[in-house]
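A.B. asks: Just one file: protein.cif, with mmCIF, C-alpha atoms and all ligand atoms.
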```
data_structure
loop_
_atom_site.label_atom_id
_atom_site.label_comp_id
_atom_site.auth_asym_id
_atom_site.auth_seq_id
_atom_site.Cartn_x
_atom_site.Cartn_y
_atom_site.Cartn_z
CA MET A 1 114.51 61.61 141.97
CA GLY A 2 118.02 62.55 141.05
CA LEU A 3 118.10 59.95 138.28
CA VAL A 4 114.71 60.98 136.91
CA ILE A 5 115.72 64.62 136.79
CA ASN A 6 118.99 63.66 135.18
CA ILE A 7 117.21 61.72 132.43
CA LEU A 8 114.81 64.63 131.98
CA SER A 9 117.66 67.06 131.66
CA LYS A 10 119.40 64.87 129.09
CA THR A 11 116.37 63.94 126.98
CA GLY A 12 113.87 66.68 127.72
CA VAL A 13 116.34 69.50 127.32
CA GLY A 14 117.59 67.99 124.08
CA VAL A 15 114.06 67.83 122.68
CA LEU A 16 113.33 71.36 123.86
CA ALA A 17 116.54 72.66 122.33
CA ILE A 18 115.70 71.01 119.02
CA THR A 19 112.19 72.46 119.20
CA ALA A 20 113.65 75.90 119.78
CA ALA A 21 116.06 75.50 116.86
CA LEU A 22 113.34 74.29 114.49
CA THR A 23 111.10 77.14 115.59
CA LEU A 24 113.76 79.75 114.94
CA THR A 25 115.15 78.43 111.67
CA PRO A 26 112.32 79.26 109.24
CA ILE A 27 111.88 82.88 110.33
CA LYS A 28 114.19 84.44 107.75
CA ALA A 29 115.53 81.59 105.66
CA ASP A 30 112.30 80.05 104.36
CA ALA A 31 109.67 82.56 105.37
CA ALA A 32 106.32 81.75 103.84
CA THR A 33 105.19 84.00 101.03
CA ILE A 34 101.68 85.31 101.65
CA HIS A 35 99.47 87.00 99.09
CA ALA A 36 96.87 89.73 99.46
CA THR A 37 93.57 88.34 100.76
CA SER A 38 91.56 91.50 101.48
CA ALA A 39 91.52 95.18 100.57
CA ASP A 40 89.89 98.48 101.48
CA ILE A 41 89.43 101.22 98.90
CA ILE A 42 90.41 104.33 100.87
CA VAL A 43 90.07 106.73 97.93
CA ASP A 44 88.38 105.55 94.75
CA GLY A 45 89.27 106.71 91.25
CA PRO A 46 88.00 106.35 87.67
CA ARG A 47 88.82 102.97 86.18
CA GLY A 48 87.80 100.87 83.21
CA THR A 49 85.65 97.76 83.26
CA ALA A 50 87.13 95.62 80.44
CA ASN A 51 88.56 92.24 81.51
CA ASN A 52 86.77 92.53 84.88
CA ARG A 53 89.40 95.04 85.96
CA ASP A 54 86.91 96.59 88.38
CA GLU A 55 86.83 93.35 90.41
CA ILE A 56 89.09 93.87 93.42
CA SER A 57 89.47 90.17 94.19
CA ASN A 58 91.50 89.89 90.97
CA ALA A 59 94.37 91.40 93.02
CA PHE A 60 94.16 88.60 95.61
CA GLY A 61 96.15 85.38 95.57
CA ALA A 62 99.06 84.41 93.35
CA ALA A 63 99.59 86.03 89.94
CA ASP A 64 97.11 84.56 87.44
CA GLY A 65 96.70 87.18 84.70
CA ALA A 66 93.45 88.57 86.14
CA PHE A 67 93.90 92.08 87.52
CA PHE A 68 92.29 94.91 89.46
CA GLU A 69 92.74 98.46 88.14
CA LEU A 70 93.33 100.89 90.99
CA GLY A 71 91.76 103.85 89.14
CA TYR A 72 93.42 107.22 88.67
CA ASN A 73 94.67 108.66 91.99
CA ALA A 74 93.03 105.84 93.95
CA VAL A 75 94.35 104.73 97.34
CA VAL A 76 93.85 101.07 98.29
CA GLU A 77 95.07 99.20 101.38
CA PHE A 78 95.77 95.48 101.13
CA GLN A 79 96.12 92.89 103.87
CA PHE A 80 97.60 89.42 103.65
CA GLY A 81 97.45 85.78 104.64
CA THR A 82 94.78 83.44 105.99
CA PRO A 83 93.32 84.56 108.29
CA THR A 84 93.86 87.98 106.75
CA GLY A 85 95.76 90.70 108.60
CA GLN A 86 98.91 88.66 109.12
CA ARG A 87 102.08 90.58 109.95
CA PHE A 88 104.83 90.56 107.38
CA PHE A 89 108.31 91.78 106.48
CA GLY A 90 110.00 92.59 103.20
CA PRO A 91 110.86 92.36 100.46
CA GLY A 92 107.49 92.34 98.76
CA SER A 93 106.51 91.61 95.19
CA LEU A 94 104.01 93.60 93.11
CA ILE A 95 102.89 92.14 89.77
CA GLU A 96 101.40 94.63 87.32
CA ILE A 97 99.69 93.05 84.34
CA THR A 98 101.79 94.78 81.64
CA LEU A 99 105.03 94.93 83.59
CA ASN A 100 108.15 95.67 81.50
CA ASN A 101 105.96 96.96 78.67
CA ASP A 102 107.40 100.43 78.03
CA PRO A 103 106.30 102.53 76.15
CA SER A 104 102.69 101.28 76.12
CA TRP A 105 100.29 101.43 79.07
CA LYS A 106 102.58 103.39 81.37
CA GLU A 107 101.42 103.20 84.97
CA ALA A 108 102.87 103.88 88.41
CA VAL A 109 102.11 103.67 92.12
CA ARG A 110 103.56 104.75 95.41
CA ILE A 111 103.92 101.76 97.75
CA GLU A 112 103.69 102.32 101.49
CA VAL A 113 103.66 99.79 104.32
CA GLY A 114 102.27 100.28 107.81
CA ILE A 115 99.99 99.08 110.58
CA LYS A 116 96.32 99.36 109.66
CA GLY A 117 94.71 102.42 111.22
CA ASP A 118 98.00 103.86 112.57
CA GLU A 119 98.86 106.60 110.09
CA SER A 120 102.17 107.43 111.78
CA SER A 121 103.41 103.87 111.20
CA PHE A 122 103.36 104.11 107.39
CA VAL A 123 106.66 104.32 105.53
CA THR A 124 107.35 104.49 101.81
CA ALA A 125 108.81 101.39 100.17
CA GLN A 126 111.41 101.48 97.39
CA PRO A 127 111.47 102.03 94.49
CA ASN A 128 109.28 105.12 94.67
CA PRO A 129 107.51 105.63 92.39
CA PHE A 130 107.12 101.99 91.37
CA LYS A 131 106.69 102.15 87.57
CA ASN A 132 105.58 99.33 85.29
CA THR A 133 107.84 100.85 82.61
CA GLU A 134 110.96 99.78 84.46
CA THR A 135 112.48 96.44 83.54
CA PHE A 136 112.18 94.13 86.51
CA ALA A 137 113.79 90.71 86.59
CA ASN A 138 111.80 90.39 89.78
CA PRO A 139 109.24 93.12 90.53
CA VAL A 140 110.37 93.63 94.11
CA PHE A 141 109.75 96.45 96.58
CA THR A 142 111.81 96.79 99.76
CA PHE A 143 111.31 98.19 103.26
CA ASP A 144 112.48 97.65 106.83
CA GLY A 145 110.23 96.64 109.70
CA ILE A 146 107.16 94.52 110.38
CA PHE A 147 103.73 95.65 109.20
CA ASP A 148 100.26 94.35 108.28
CA THR A 149 99.18 96.63 105.43
CA VAL A 150 100.43 97.58 101.96
CA ARG A 151 98.96 100.83 100.69
CA LEU A 152 99.05 101.55 96.97
CA THR A 153 98.48 105.10 95.75
CA ASP A 154 97.99 105.41 92.01
CA LEU A 155 100.35 107.96 90.40
CA THR A 156 99.60 107.13 86.77
CA LEU A 157 97.76 110.33 85.92
CA ALA A 158 100.30 112.53 87.68
CA LEU A 159 103.34 110.90 86.07
CA PHE A 160 102.14 109.84 82.64
CA GLY A 161 98.95 111.77 81.94
CA GLY A 162 95.81 110.18 80.57
CA ASN A 163 92.16 110.97 80.15
CA PRO A 164 89.97 110.17 83.16
CA SER A 165 86.81 110.93 81.17
CA ASN A 166 87.57 108.40 78.44
CA LEU A 167 89.12 105.25 79.76
CA SER A 168 88.50 103.28 76.59
CA THR A 169 91.01 105.06 74.35
CA GLN A 170 94.65 104.08 73.85
CA GLY A 171 96.83 106.18 76.10
CA ALA A 172 94.09 106.49 78.72
CA THR A 173 95.30 103.58 80.74
CA GLY A 174 93.27 104.01 83.89
CA GLY A 175 95.28 103.37 87.01
CA PHE A 176 97.86 100.77 87.93
CA ASP A 177 96.73 97.18 87.19
CA VAL A 178 97.38 94.90 90.14
CA ASP A 179 97.60 91.19 89.33
CA ALA A 180 99.16 90.12 92.63
CA ILE A 181 100.98 91.40 95.73
CA SER A 182 103.00 89.27 98.09
CA VAL A 183 105.15 89.70 101.21
CA SER A 184 106.92 87.41 103.69
CA ALA A 185 104.86 86.17 106.63
CA VAL A 186 105.99 86.73 110.19
CA PRO A 187 105.45 83.31 111.78
CA LEU A 188 102.21 83.11 113.74
CA PRO A 189 102.40 83.85 117.50
CA ALA A 190 102.12 80.13 118.28
CA ALA A 191 105.73 79.72 117.12
CA GLY A 192 106.87 82.46 119.49
CA PHE A 193 105.02 80.88 122.42
CA LEU A 194 106.60 77.53 121.61
CA LEU A 195 110.04 79.12 121.77
CA VAL A 196 109.29 80.99 124.99
CA GLY A 197 107.87 77.78 126.44
CA ALA A 198 110.95 75.82 125.42
CA LEU A 199 113.33 78.37 126.93
CA GLY A 200 111.21 78.54 130.09
CA GLY A 201 111.33 74.74 130.29
CA LEU A 202 115.11 74.80 129.95
CA ALA A 203 115.47 77.29 132.79
CA ALA A 204 113.10 75.31 135.02
CA LEU A 205 114.97 72.08 134.39
CA ARG A 206 118.28 73.75 135.20
CA ARG A 207 116.86 75.10 138.45
CA ARG A 208 115.50 71.66 139.40
CA LYS A 209 118.80 70.01 138.53
CA ARG A 210 120.74 72.43 140.71
CA ALA A 211 118.26 71.93 143.54
CA SER A 212 118.80 68.15 143.45
CA CA B 1 95.39 100.28 83.89
CA CA B 2 95.39 88.24 89.87
#
```
I need this file expressed as structure tokens, please.
C.D. replies:
Amino acid sequence: MGLVINILSKTGVGVLAITAALTLTPIKADAATIHATSADIIVDGPRGTANNRDEISNAFGAADGAFFELGYNAVVEFQFGTPTGQRFFGPGSLIEITLNNDPSWKEAVRIEVGIKGDESSFVTAQPNPFKNTETFANPVFTFDGIFDTVRLTDLTLALFGGNPSNLSTQGATGGFDVDAISVSAVPLPAAGFLLVGALGGLAALRRRKRAS
């Protein structure tokens, strides 16, 4: 038995250690980018209809030029990944359809992140407000922690004015136009269990080796 355990400890432990290393490595370095895959309109607001901007699924997936207009003062919560509701960390990216287009079509949002249904968990991301008039090399928003929901609150009317009763005129921009939102996926629980399993296996093998 001593020989068998010895071989196990030399080969098995090596494999387990490599498994643990591979499991850990991608967490921060090459975290998968996940896009919005579902949304709930918490507070609706007046928006236009041109270019299918009233279609919320235009805000899902990677940036493609199709967009969803939040509507003045609207509050919308987005979730991410497949299956949706995946946990994530920052930074995030928010693509507005006329980004970097000051002075036309000025729009802004407040970005918050939190755990769905737990109001006390929500924190405000930076920059706040997030304005499409700013020049972004990369339209990034930042925050600390792990969450499952990005909440956008339209601030366009409050910051830039507009005319909610006539969304078809120049200067009445409607709310913020969301082409795409993305964040970094927290690896699925399976990865964590693998790691725990590997470490548990290591400890067990060490105990057995000592016992022999
Ligand atoms: Ca708009
Ligand atoms: Ca889009």
A.B. asks: Distance atom CA of Gln79 of chain A-atom CA of Val178 of chain A, one decimal place?
C.D. replies: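 That distance, rounded to one decimal, is 13.9 Å.
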A.B. asks: Mind dumping a table of every chain A residue within 8 Å of ligand CA 2 (chain B), with the nearest atom pair and its distance in Å to one decimal, using all atoms listed in the file, sorted by chain and rising number, as CSV?
C.D. replies:
```
residue,atom,partner,partner_atom,distance
A:Ser57,CA,B:CA2,CA,7.6
A:Asn58,CA,B:CA2,CA,4.4
A:Ala59,CA,B:CA2,CA,4.6
A:Phe60,CA,B:CA2,CA,5.9
A:Gly61,CA,B:CA2,CA,6.4
A:Ala62,CA,B:CA2,CA,6.3
A:Ala63,CA,B:CA2,CA,4.7
A:Asp64,CA,B:CA2,CA,4.7
A:Gly65,CA,B:CA2,CA,5.4
A:Ala66,CA,B:CA2,CA,4.2
A:Phe67,CA,B:CA2,CA,4.7
A:Phe68,CA,B:CA2,CA,7.4
A:Val178,CA,B:CA2,CA,7.0
A:Asp179,CA,B:CA2,CA,3.7
A:Ala180,CA,B:CA2,CA,5.0
```
A.B. asks: Return as AutoDock Vina command-line options the box centre and box size in Å, one decimal, for an axis-aligned box around all listed atoms of segment 33-40 of chain A padded by 4 Å per side.
C.D. replies:
```
--center_x 97.5 --center_y 91.2 --center_z 100.4 --size_x 23.3 --size_y 22.5 --size_z 10.6
```
A.B. asks: Interatomic distance between atom CA of Ala36 of chain A and atom CA of Asn163 of chain A?
C.D. replies: 29.1 Å
A.B. asks: Could you build a table of the residues in chain A lying no more than 10 Å from ligand CA 1 (chain B), giving for each the nearest pair of atoms and their separation in Å rounded to one decimal place, using all atoms listed in the file, ordered by chain and ascending residue number, as JSON lines?
C.D. replies:
```
{"residue": "A:Arg47", "atom": "CA", "partner": "B:CA1", "partner_atom": "CA", "distance": 7.5}
{"residue": "A:Gly48", "atom": "CA", "partner": "B:CA1", "partner_atom": "CA", "distance": 7.6}
{"residue": "A:Arg53", "atom": "CA", "partner": "B:CA1", "partner_atom": "CA", "distance": 8.2}
{"residue": "A:Phe67", "atom": "CA", "partner": "B:CA1", "partner_atom": "CA", "distance": 9.1}
{"residue": "A:Phe68", "atom": "CA", "partner": "B:CA1", "partner_atom": "CA", "distance": 8.3}
{"residue": "A:Glu69", "atom": "CA", "partner": "B:CA1", "partner_atom": "CA", "distance": 5.3}
{"residue": "A:Leu70", "atom": "CA", "partner": "B:CA1", "partner_atom": "CA", "distance": 7.4}
{"residue": "A:Gly71", "atom": "CA", "partner": "B:CA1", "partner_atom": "CA", "distance": 7.3}
{"residue": "A:Tyr72", "atom": "CA", "partner": "B:CA1", "partner_atom": "CA", "distance": 8.7}
{"residue": "A:Glu96", "atom": "CA", "partner": "B:CA1", "partner_atom": "CA", "distance": 8.9}
{"residue": "A:Ile97", "atom": "CA", "partner": "B:CA1", "partner_atom": "CA", "distance": 8.4}
{"residue": "A:Thr98", "atom": "CA", "partner": "B:CA1", "partner_atom": "CA", "distance": 8.7}
{"residue": "A:Trp105", "atom": "CA", "partner": "B:CA1", "partner_atom": "CA", "distance": 7.0}
{"residue": "A:Lys106", "atom": "CA", "partner": "B:CA1", "partner_atom": "CA", "distance": 8.2}
{"residue": "A:Glu107", "atom": "CA", "partner": "B:CA1", "partner_atom": "CA", "distance": 6.8}
{"residue": "A:Ala108", "atom": "CA", "partner": "B:CA1", "partner_atom": "CA", "distance": 9.5}
{"residue": "A:Asp154", "atom": "CA", "partner": "B:CA1", "partner_atom": "CA", "distance": 10.0}
{"residue": "A:Thr156", "atom": "CA", "partner": "B:CA1", "partner_atom": "CA", "distance": 8.5}
{"residue": "A:Leu167", "atom": "CA", "partner": "B:CA1", "partner_atom": "CA", "distance": 9.0}
{"residue": "A:Gly171", "atom": "CA", "partner": "B:CA1", "partner_atom": "CA", "distance": 9.9}
{"residue": "A:Ala172", "atom": "CA", "partner": "B:CA1", "partner_atom": "CA", "distance": 8.2}
{"residue": "A:Thr173", "atom": "CA", "partner": "B:CA1", "partner_atom": "CA", "distance": 4.6}
{"residue": "A:Gly174", "atom": "CA", "partner": "B:CA1", "partner_atom": "CA", "distance": 4.3}
{"residue": "A:Gly175", "atom": "CA", "partner": "B:CA1", "partner_atom": "CA", "distance": 4.4}
{"residue": "A:Phe176", "atom": "CA", "partner": "B:CA1", "partner_atom": "CA", "distance": 4.8}
{"residue": "A:Asp177", "atom": "CA", "partner": "B:CA1", "partner_atom": "CA", "distance": 4.7}
{"residue": "A:Val178", "atom": "CA", "partner": "B:CA1", "partner_atom": "CA", "distance": 8.5}
```
A.B. asks: May I have the selected residues written with C-alpha atoms, as a PDB file, keeping the file's coordinate frame?
C.D. replies:
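Result file follows (result_19.pdb):
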```pdb
ATOM      1  CA  ARG A  47      88.820 102.970  86.180  1.00  0.00           C
ATOM      2  CA  GLY A  48      87.800 100.870  83.210  1.00  0.00           C
ATOM      3  CA  ARG A  53      89.400  95.040  85.960  1.00  0.00           C
ATOM      4  CA  PHE A  67      93.900  92.080  87.520  1.00  0.00           C
ATOM      5  CA  PHE A  68      92.290  94.910  89.460  1.00  0.00           C
ATOM      6  CA  GLU A  69      92.740  98.460  88.140  1.00  0.00           C
ATOM      7  CA  LEU A  70      93.330 100.890  90.990  1.00  0.00           C
ATOM      8  CA  GLY A  71      91.760 103.850  89.140  1.00  0.00           C
ATOM      9  CA  TYR A  72      93.420 107.220  88.670  1.00  0.00           C
ATOM     10  CA  GLU A  96     101.400  94.630  87.320  1.00  0.00           C
ATOM     11  CA  ILE A  97      99.690  93.050  84.340  1.00  0.00           C
ATOM     12  CA  THR A  98     101.790  94.780  81.640  1.00  0.00           C
ATOM     13  CA  TRP A 105     100.290 101.430  79.070  1.00  0.00           C
ATOM     14  CA  LYS A 106     102.580 103.390  81.370  1.00  0.00           C
ATOM     15  CA  GLU A 107     101.420 103.200  84.970  1.00  0.00           C
ATOM     16  CA  ALA A 108     102.870 103.880  88.410  1.00  0.00           C
ATOM     17  CA  ASP A 154      97.990 105.410  92.010  1.00  0.00           C
ATOM     18  CA  THR A 156      99.600 107.130  86.770  1.00  0.00           C
ATOM     19  CA  LEU A 167      89.120 105.250  79.760  1.00  0.00           C
ATOM     20  CA  GLY A 171      96.830 106.180  76.100  1.00  0.00           C
ATOM     21  CA  ALA A 172      94.090 106.490  78.720  1.00  0.00           C
ATOM     22  CA  THR A 173      95.300 103.580  80.740  1.00  0.00           C
ATOM     23  CA  GLY A 174      93.270 104.010  83.890  1.00  0.00           C
ATOM     24  CA  GLY A 175      95.280 103.370  87.010  1.00  0.00           C
ATOM     25  CA  PHE A 176      97.860 100.770  87.930  1.00  0.00           C
ATOM     26  CA  ASP A 177      96.730  97.180  87.190  1.00  0.00           C
ATOM     27  CA  VAL A 178      97.380  94.900  90.140  1.00  0.00           C
TER      28      VAL A 178
END
```
A.B. asks: At what distance in Å, to one decimal, does atom CA of Ile34 of chain A lie from atom CA of Gly81 of chain A?
C.D. replies: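 So the two atoms, atom CA of Gly81 of chain A and atom CA of Ile34 of chain A, lie 5.2 Å apart.
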A.B. asks: Go through A:Thr82, A:Thr142, A:Ser121, A:Asn132 one by one, measure the shortest atom-to-atom distance of each to Asn101 of chain A using all atoms listed in the file, and give the residue with the smallest value.
C.D. replies: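 Ranking A:Thr82, A:Thr142, A:Ser121, A:Asn132 by distance to Asn101 of chain A, first place goes to A:Asn132.
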A.B. asks: Give the answer as one residue: which of A:Gly90, A:Gly85, A:Pro103, A:Pro139 has the shortest atom-to-atom distance to Ala125 of chain A, using all atoms listed in the file?
C.D. replies: A:Gly90
A.B. asks: For Asp102 of chain A, which residue out of A:Phe143, A:Phe80, A:Phe122, A:Phe136 is the nearest one, using all atoms listed in the file?
C.D. replies: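 Closest residue, counting all atoms listed in the file: A:Phe136.
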A.B. asks: Kindly indicate which residue among A:Gln126, A:Ser104, A:Phe78, A:Ser93 lies nearest to Asp148 of chain A, using only C-alpha atoms for the distances.
C.D. replies: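 Under the stated criterion, the closest residue is A:Phe78.
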A.B. asks: Choose the residue, out of A:Ala32, A:Val76, A:Ile181, A:Val140, that has the smallest atom-to-atom separation from Gly45 of chain A; count all atoms listed in the file.
C.D. replies: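 Of A:Ala32, A:Val76, A:Ile181, A:Val140, the one nearest Gly45 of chain A is A:Val76, counting all atoms listed in the file.
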A.B. asks: For Ala74 of chain A, which residue among A:Val183, A:Ile111, A:Ile41, A:Ile95 is the nearest when counting all atoms listed in the file?
C.D. replies: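 The closest residue to Ala74 of chain A is A:Ile41.
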